[in-house]
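Novice: Pasting data-v7.cif below, which is mmCIF, C-alpha atoms.
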```
data_protein
loop_
_atom_site.label_atom_id
_atom_site.label_comp_id
_atom_site.auth_asym_id
_atom_site.auth_seq_id
_atom_site.Cartn_x
_atom_site.Cartn_y
_atom_site.Cartn_z
CA MET A 227 0.00 0.00 0.00
CA LYS A 228 1.20 3.48 -0.80
CA THR A 229 1.68 5.55 2.33
CA ALA A 230 2.22 9.23 3.13
CA SER A 231 5.92 8.98 2.27
CA ASP A 232 5.00 7.98 -1.30
CA VAL A 233 3.12 11.20 -2.01
CA ALA A 234 6.31 12.75 -3.36
CA ASN A 235 6.05 10.40 -6.32
CA ALA A 236 2.30 10.76 -6.89
CA TYR A 237 0.82 12.74 -9.75
CA PRO A 238 -0.10 15.93 -7.86
CA LEU A 239 -3.66 16.48 -9.03
CA ILE A 240 -6.25 15.31 -6.51
CA ALA A 241 -9.61 14.43 -8.07
CA ILE A 242 -12.52 15.48 -5.85
CA ILE A 243 -15.57 13.52 -7.01
CA ARG A 244 -18.21 15.03 -4.78
CA GLY A 245 -21.62 13.47 -5.30
CA VAL A 246 -20.40 10.27 -6.92
CA THR A 247 -22.45 7.17 -6.06
CA PRO A 248 -21.59 3.49 -5.65
CA GLU A 249 -23.31 2.91 -8.99
CA THR A 250 -20.99 5.24 -10.87
CA CYS A 251 -17.79 5.44 -8.84
CA ILE A 252 -15.86 2.71 -10.69
CA GLU A 253 -16.46 4.05 -14.19
CA VAL A 254 -15.67 7.60 -13.04
CA GLY A 255 -12.55 6.33 -11.29
CA GLN A 256 -11.46 4.50 -14.43
CA ILE A 257 -11.76 7.66 -16.51
CA LEU A 258 -9.60 9.53 -14.00
CA VAL A 259 -6.98 6.80 -13.79
CA ASP A 260 -6.81 6.51 -17.57
CA ALA A 261 -6.26 10.28 -17.81
CA GLY A 262 -3.32 10.09 -15.42
CA PHE A 263 -4.79 10.76 -11.97
CA ASP A 264 -3.61 8.58 -9.11
CA MET A 265 -5.16 10.51 -6.19
CA ILE A 266 -8.95 10.30 -5.84
CA GLU A 267 -11.11 11.49 -2.97
CA VAL A 268 -14.81 10.92 -2.39
CA PRO A 269 -16.12 13.67 -0.09
CA LEU A 270 -18.04 12.21 2.82
CA ASN A 271 -21.09 14.34 2.01
CA SER A 272 -21.55 12.24 -1.13
CA PRO A 273 -24.28 9.56 -1.16
CA GLU A 274 -23.04 6.36 0.54
CA ALA A 275 -19.50 7.73 0.45
CA ILE A 276 -17.93 5.02 2.60
CA LYS A 277 -19.36 2.35 0.31
CA SER A 278 -17.99 4.11 -2.78
CA ILE A 279 -14.56 4.48 -1.16
CA GLY A 280 -14.51 0.79 -0.28
CA MET A 281 -15.44 -0.13 -3.84
CA LEU A 282 -12.72 2.10 -5.29
CA VAL A 283 -10.13 0.67 -2.91
CA GLU A 284 -11.14 -2.89 -3.80
CA HIS A 285 -11.22 -2.26 -7.54
CA PHE A 286 -8.10 -0.13 -8.03
CA GLY A 287 -6.09 -1.03 -4.95
CA THR A 288 -3.73 1.22 -3.03
CA ASP A 289 -0.43 -0.15 -4.31
CA GLU A 290 -0.48 2.34 -7.19
CA TYR A 291 -3.11 4.85 -6.11
CA PHE A 292 -4.12 7.13 -3.27
CA ILE A 293 -7.83 6.57 -2.73
CA GLY A 294 -9.88 7.92 0.14
CA ALA A 295 -12.16 10.62 1.43
CA GLY A 296 -12.59 14.35 1.53
CA THR A 297 -14.62 16.47 3.94
CA VAL A 298 -13.36 14.38 6.86
CA THR A 299 -14.13 16.57 9.87
CA THR A 300 -14.15 14.17 12.84
CA LEU A 301 -11.94 11.44 14.27
CA ASP A 302 -14.75 8.89 13.98
CA ALA A 303 -15.12 9.72 10.30
CA ALA A 304 -11.37 9.35 9.75
CA LYS A 305 -11.44 5.93 11.42
CA ALA A 306 -14.33 4.82 9.20
CA VAL A 307 -12.38 5.88 6.11
CA VAL A 308 -9.15 4.15 7.13
CA GLU A 309 -11.07 0.98 7.97
CA THR A 310 -12.03 0.67 4.27
CA GLY A 311 -8.34 0.30 3.42
CA ALA A 312 -8.15 3.86 2.12
CA ASN A 313 -4.83 5.67 2.22
CA LEU A 314 -5.94 9.28 1.64
CA VAL A 315 -7.80 11.70 3.91
CA VAL A 316 -8.50 15.30 2.96
CA THR A 317 -10.18 17.75 5.31
CA PRO A 318 -11.66 21.24 4.97
CA ASN A 319 -10.23 22.24 8.35
CA CYS A 320 -7.30 21.69 10.69
CA ASN A 321 -8.41 18.97 13.10
CA VAL A 322 -5.36 17.85 15.07
CA ASP A 323 -6.97 14.56 16.17
CA VAL A 324 -7.75 13.60 12.57
CA ILE A 325 -4.27 14.54 11.36
CA LYS A 326 -2.49 12.61 14.11
CA TYR A 327 -4.65 9.54 13.61
CA CYS A 328 -3.97 9.49 9.88
CA SER A 329 -0.27 10.02 10.41
CA GLU A 330 -0.11 7.18 12.91
CA ASN A 331 -1.85 4.89 10.41
CA ASP A 332 0.37 5.74 7.41
CA CYS A 333 -2.54 7.45 5.68
CA ALA A 334 -1.70 10.51 3.60
CA THR A 335 -3.56 13.52 4.95
CA PHE A 336 -4.10 16.99 3.54
CA PRO A 337 -5.84 19.28 6.04
CA GLY A 338 -7.46 22.51 4.95
CA VAL A 339 -5.72 25.68 6.14
CA VAL A 340 -6.01 29.41 5.52
CA THR A 341 -3.62 30.88 8.10
CA PRO A 342 0.04 30.37 9.05
CA THR A 343 -1.04 29.18 12.51
CA GLU A 344 -3.25 26.47 11.00
CA ALA A 345 -0.52 25.53 8.53
CA PHE A 346 2.17 25.06 11.18
CA THR A 347 -0.26 23.28 13.51
CA ALA A 348 -1.15 20.86 10.74
CA LEU A 349 2.49 20.14 9.90
CA ASP A 350 3.41 19.73 13.58
CA SER A 351 0.59 17.18 13.86
CA GLY A 352 1.93 15.09 10.99
CA ALA A 353 0.16 16.41 7.90
CA THR A 354 1.49 15.07 4.60
CA GLY A 355 0.76 18.35 2.87
CA LEU A 356 -1.53 21.36 3.08
CA LYS A 357 -4.78 22.11 1.33
CA PHE A 358 -5.20 25.86 0.87
CA PHE A 359 -8.99 25.99 1.08
CA PRO A 360 -10.71 27.93 -0.07
CA VAL A 361 -7.77 29.34 -1.98
CA SER A 362 -9.81 32.49 -2.63
CA MET A 363 -9.43 33.30 1.07
CA VAL A 364 -5.67 32.69 1.04
CA GLY A 365 -5.08 34.41 -2.29
CA LEU A 366 -2.01 34.18 -4.47
CA ASP A 367 -0.09 36.73 -2.39
CA GLY A 368 -1.13 34.97 0.79
CA MET A 369 0.10 31.65 -0.53
CA LYS A 370 3.44 33.17 -1.52
CA ALA A 371 3.81 34.70 1.94
CA MET A 372 3.04 31.41 3.67
CA LEU A 373 5.41 29.44 1.47
CA SER A 374 8.17 31.88 2.39
CA VAL A 375 7.96 30.84 6.04
CA LEU A 376 6.83 27.20 5.82
CA PRO A 377 9.48 24.46 5.92
CA LYS A 378 11.20 24.03 2.57
CA GLY A 379 9.49 21.32 0.54
CA THR A 380 6.08 21.69 2.17
CA LYS A 381 3.53 20.41 -0.35
CA CYS A 382 0.73 22.93 -0.79
CA TYR A 383 -2.36 22.35 -2.90
CA PRO A 384 -4.71 25.22 -3.81
CA VAL A 385 -8.34 24.07 -3.84
CA GLY A 386 -11.48 25.87 -4.90
CA GLY A 387 -12.35 27.46 -8.23
CA ILE A 388 -9.43 26.05 -10.21
CA ASN A 389 -10.23 25.38 -13.87
CA PRO A 390 -8.13 23.66 -16.56
CA SER A 391 -6.78 26.83 -18.14
CA GLU A 392 -3.23 28.10 -17.92
CA ALA A 393 -4.59 31.41 -16.65
CA SER A 394 -6.12 29.62 -13.67
CA MET A 395 -3.28 27.23 -12.83
CA GLU A 396 -0.05 28.95 -13.89
CA PRO A 397 0.10 31.68 -11.20
CA TYR A 398 -0.09 29.07 -8.43
CA VAL A 399 2.41 26.74 -10.07
CA SER A 400 4.84 29.64 -10.49
CA ALA A 401 4.32 30.60 -6.85
CA GLY A 402 5.29 27.14 -5.67
CA ALA A 403 2.10 25.07 -5.47
CA ALA A 404 2.90 21.36 -5.46
CA GLY A 405 -0.36 20.49 -7.19
CA PHE A 406 -4.10 21.11 -6.99
CA GLY A 407 -7.31 19.70 -5.61
CA LEU A 408 -9.88 19.73 -8.40
CA GLY A 409 -13.61 19.72 -7.79
CA SER A 410 -16.56 20.93 -9.80
CA SER A 411 -14.52 21.95 -12.85
CA LEU A 412 -13.44 18.32 -13.11
CA TYR A 413 -16.50 16.39 -11.93
CA LYS A 414 -20.15 16.94 -11.17
CA PRO A 415 -22.73 14.15 -10.91
CA SER A 416 -24.68 15.79 -13.73
CA MET A 417 -21.77 15.53 -16.18
CA SER A 418 -21.64 12.86 -18.86
CA LEU A 419 -18.76 10.40 -18.84
CA ALA A 420 -17.49 12.07 -22.01
CA GLN A 421 -17.43 15.46 -20.30
CA ILE A 422 -15.62 14.07 -17.26
CA LYS A 423 -13.06 12.48 -19.59
CA ALA A 424 -12.56 15.74 -21.46
CA ASN A 425 -12.17 17.69 -18.23
CA ALA A 426 -9.69 15.19 -16.77
CA GLU A 427 -7.57 15.17 -19.91
CA ALA A 428 -7.64 18.98 -20.08
CA PHE A 429 -6.40 19.35 -16.50
CA VAL A 430 -3.60 16.85 -17.05
CA ALA A 431 -2.56 18.48 -20.33
CA THR A 432 -2.48 21.96 -18.83
CA TYR A 433 -0.59 20.90 -15.72
CA ASN A 434 1.94 18.93 -17.75
CA ALA A 435 2.50 21.93 -20.02
CA LEU A 436 3.17 24.13 -17.00
CA VAL A 437 5.66 21.85 -15.29
#
```
Would you mind writing the structure in this file as structure tokens?

Specialist:
Amino acid sequence: MKTASDVANAYPLIAIIRGVTPETCIEVGQILVDAGFDMIEVPLNSPEAIKSIGMLVEHFGTDEYFIGAGTVTTLDAAKAVVETGANLVVTPNCNVDVIKYCSENDCATFPGVVTPTEAFTALDSGATGLKFFPVSMVGLDGMKAMLSVLPKGTKCYPVGGINPSEASMEPYVSAGAAGFGLGSSLYKPSMSLAQIKANAEAFVATYNALV
């Protein structure tokens, strides 16, 4: 199983498939994997999220992929995710108990932060990387300022409102973002499989062109 230490070698785009269902999660996951994604999160406010996560873990495995949950806000929720065999936990906030639990269980964790205090607290608790969420609150200048004081090599992922254009992604890449968390511009339950495929391929193409 890939663990937090393997994140350095992962493709740094995290697919956020909010609203996916057990009926569609495998075909959506396959589209993402085929496009080049190897980090997939099912937010826990999706229908039967734990079931979908378990299905994705069973189908794709965690030897090559990081598969898990987003919107993990409590320790009990984190435990339920890890019990599926998942190896990825993403949160919208900085919950020290969740971060420590994931770290202790070799599960990659990306807590949401918007301030230097939250960022350092998350790292001190064992966070694998940081989710700047919503990035509109941090801002490009705010991200640059935080990166100037965070430990060298800290992996920071802007999340919220990113689209697959160079205009959207390039400023953050140039400022030092390690990757991105991609939500509604990549996947919505109302999208056709063809649209999801086109979006996934567009994000990968743009990111590859930038780096």

Novice: Set the distance at 9 Å and use all atoms listed in the file: which residues neighbour Ala334 (chain A) once local chain neighbours fewer than 5 positions away are removed? I'd like the list as a PDB file with C-alpha atoms, keeping the file's coordinate frame.

Specialist:
```pdb
ATOM      1  CA  LYS A 228       1.200   3.480  -0.800  1.00  0.00           C
ATOM      2  CA  THR A 229       1.680   5.550   2.330  1.00  0.00           C
ATOM      3  CA  ALA A 230       2.220   9.230   3.130  1.00  0.00           C
ATOM      4  CA  SER A 231       5.920   8.980   2.270  1.00  0.00           C
ATOM      5  CA  ASP A 232       5.000   7.980  -1.300  1.00  0.00           C
ATOM      6  CA  VAL A 233       3.120  11.200  -2.010  1.00  0.00           C
ATOM      7  CA  PHE A 292      -4.120   7.130  -3.270  1.00  0.00           C
ATOM      8  CA  ASN A 313      -4.830   5.670   2.220  1.00  0.00           C
ATOM      9  CA  LEU A 314      -5.940   9.280   1.640  1.00  0.00           C
ATOM     10  CA  VAL A 315      -7.800  11.700   3.910  1.00  0.00           C
ATOM     11  CA  VAL A 316      -8.500  15.300   2.960  1.00  0.00           C
ATOM     12  CA  CYS A 328      -3.970   9.490   9.880  1.00  0.00           C
ATOM     13  CA  SER A 329      -0.270  10.020  10.410  1.00  0.00           C
ATOM     14  CA  ALA A 353       0.160  16.410   7.900  1.00  0.00           C
ATOM     15  CA  THR A 354       1.490  15.070   4.600  1.00  0.00           C
ATOM     16  CA  GLY A 355       0.760  18.350   2.870  1.00  0.00           C
TER      17      GLY A 355
END
```

Novice: For this structure, which residues satisfy the selection - the PyMOL selection byres ((chain A and resi 312) around 7) - when it is evaluated on the file as given? I want them as a ChimeraX atom specification.

Specialist: /A:283,293-294,307-308,310-311,313-314

Novice: Once the PyMOL selection byres ((chain A and resi 402) around 10) has been evaluated on this model, what residues remain selected, and can you format them as a list in words?

Specialist: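 Answer for the PyMOL selection byres ((chain A and resi 402) around 10): Met369, Lys370, Leu373, Ser374, Gly379, Thr380, Lys381, Cys382, Tyr383, Glu396, Pro397, Tyr398, Val399, Ser400, Ala401, Ala403, Ala404 and Gly405 of chain A.
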
Novice: Just the residues within 8 Å of Asn319 (chain A), please, counting all atoms listed in the file, with nothing from its chain fewer than 2 positions along; format it as a ChimeraX atom specification.

Specialist: /A:299,317,321,337-339

Novice: For this structure, which residues satisfy the selection - the PyMOL selection byres ((chain A and resi 416-432) around 10) - when it is evaluated on the file as given? I want them as a PyMOL selection string.

Specialist: chain A and resi 237-239+241+245-246+250+253-254+256-263+388-396+406+408+410-415+433-437

Novice: Can those selected residues be exported to a file as a PDB file, keeping the file's coordinate frame so that it contains C-alpha atoms?

Specialist:
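Written out: again_28.pdb:
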```pdb
ATOM      1  CA  TYR A 237       0.820  12.740  -9.750  1.00  0.00           C
ATOM      2  CA  PRO A 238      -0.100  15.930  -7.860  1.00  0.00           C
ATOM      3  CA  LEU A 239      -3.660  16.480  -9.030  1.00  0.00           C
ATOM      4  CA  ALA A 241      -9.610  14.430  -8.070  1.00  0.00           C
ATOM      5  CA  GLY A 245     -21.620  13.470  -5.300  1.00  0.00           C
ATOM      6  CA  VAL A 246     -20.400  10.270  -6.920  1.00  0.00           C
ATOM      7  CA  THR A 250     -20.990   5.240 -10.870  1.00  0.00           C
ATOM      8  CA  GLU A 253     -16.460   4.050 -14.190  1.00  0.00           C
ATOM      9  CA  VAL A 254     -15.670   7.600 -13.040  1.00  0.00           C
ATOM     10  CA  GLN A 256     -11.460   4.500 -14.430  1.00  0.00           C
ATOM     11  CA  ILE A 257     -11.760   7.660 -16.510  1.00  0.00           C
ATOM     12  CA  LEU A 258      -9.600   9.530 -14.000  1.00  0.00           C
ATOM     13  CA  VAL A 259      -6.980   6.800 -13.790  1.00  0.00           C
ATOM     14  CA  ASP A 260      -6.810   6.510 -17.570  1.00  0.00           C
ATOM     15  CA  ALA A 261      -6.260  10.280 -17.810  1.00  0.00           C
ATOM     16  CA  GLY A 262      -3.320  10.090 -15.420  1.00  0.00           C
ATOM     17  CA  PHE A 263      -4.790  10.760 -11.970  1.00  0.00           C
ATOM     18  CA  ILE A 388      -9.430  26.050 -10.210  1.00  0.00           C
ATOM     19  CA  ASN A 389     -10.230  25.380 -13.870  1.00  0.00           C
ATOM     20  CA  PRO A 390      -8.130  23.660 -16.560  1.00  0.00           C
ATOM     21  CA  SER A 391      -6.780  26.830 -18.140  1.00  0.00           C
ATOM     22  CA  GLU A 392      -3.230  28.100 -17.920  1.00  0.00           C
ATOM     23  CA  ALA A 393      -4.590  31.410 -16.650  1.00  0.00           C
ATOM     24  CA  SER A 394      -6.120  29.620 -13.670  1.00  0.00           C
ATOM     25  CA  MET A 395      -3.280  27.230 -12.830  1.00  0.00           C
ATOM     26  CA  GLU A 396      -0.050  28.950 -13.890  1.00  0.00           C
ATOM     27  CA  PHE A 406      -4.100  21.110  -6.990  1.00  0.00           C
ATOM     28  CA  LEU A 408      -9.880  19.730  -8.400  1.00  0.00           C
ATOM     29  CA  SER A 410     -16.560  20.930  -9.800  1.00  0.00           C
ATOM     30  CA  SER A 411     -14.520  21.950 -12.850  1.00  0.00           C
ATOM     31  CA  LEU A 412     -13.440  18.320 -13.110  1.00  0.00           C
ATOM     32  CA  TYR A 413     -16.500  16.390 -11.930  1.00  0.00           C
ATOM     33  CA  LYS A 414     -20.150  16.940 -11.170  1.00  0.00           C
ATOM     34  CA  PRO A 415     -22.730  14.150 -10.910  1.00  0.00           C
ATOM     35  CA  TYR A 433      -0.590  20.900 -15.720  1.00  0.00           C
ATOM     36  CA  ASN A 434       1.940  18.930 -17.750  1.00  0.00           C
ATOM     37  CA  ALA A 435       2.500  21.930 -20.020  1.00  0.00           C
ATOM     38  CA  LEU A 436       3.170  24.130 -17.000  1.00  0.00           C
ATOM     39  CA  VAL A 437       5.660  21.850 -15.290  1.00  0.00           C
TER      40      VAL A 437
END
```

Novice: Calculate how many Å separate CA of Gly409 (chain A) from CA of Asp323 (chain A), rounding to one decimal.

Specialist: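 Computing it gives 25.4 Å between the two atoms.
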
Novice: Here is a test: counting only C-alpha atoms, which residue of A:Arg244, A:Leu270, A:Met227, A:Met372 is nearest to Phe286 (chain A)?

Specialist: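 Comparing A:Arg244, A:Leu270, A:Met227, A:Met372 against Phe286 (chain A), the winner is A:Met227.
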
Novice: Using all atoms listed in the file, can you tell me which of A:Glu267, A:Glu309, A:Glu344, A:Asp367 comes closest to Ile325 (chain A)?

Specialist: A:Glu344

Novice: Each side padded by 4 Å, which centre and which edge lengths in Å (one decimal) define the axis-aligned box around the listed atoms of region 426-429 of chain A? Give them as AutoDock Vina command-line options.

Specialist:
```
--center_x -8.0 --center_y 17.3 --center_z -18.3 --size_x 11.3 --size_y 12.2 --size_z 11.6
```

Novice: I'd like the interatomic distance between CA of Thr247 (chain A) and CA of Lys326 (chain A), to a tenth of an Å.

Specialist: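 CA of Lys326 (chain A) lies 28.9 Å from CA of Thr247 (chain A).
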
Novice: Between A:Ala345, A:Val361, A:Met281, A:Ala295, which is the closest to Ile243 (chain A) once you count all atoms listed in the file?

Specialist: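 Closest residue, counting all atoms listed in the file: A:Ala295.
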
Novice: Would you please work out which residue, of A:Pro248, A:Pro384, A:Pro377, A:Gly368, is nearest to Asp350 (chain A) when using all atoms listed in the file?

Specialist: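 Ranking A:Pro248, A:Pro384, A:Pro377, A:Gly368 by distance to Asp350 (chain A), first place goes to A:Pro377.
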
Novice: Could you jot down the CA of Gly365 (chain A) to CA of Thr341 (chain A) separation for me, Å, one decimal place?

Specialist: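 Taking CA of Gly365 (chain A) as the start and CA of Thr341 (chain A) as the end point, the length is 11.1 Å.
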
Novice: Kindly indicate which residue among A:Asp332, A:Lys305, A:Ile242, A:Cys251 lies nearest to Ile266 (chain A), using only C-alpha atoms for the distances.

Specialist: A:Ile242
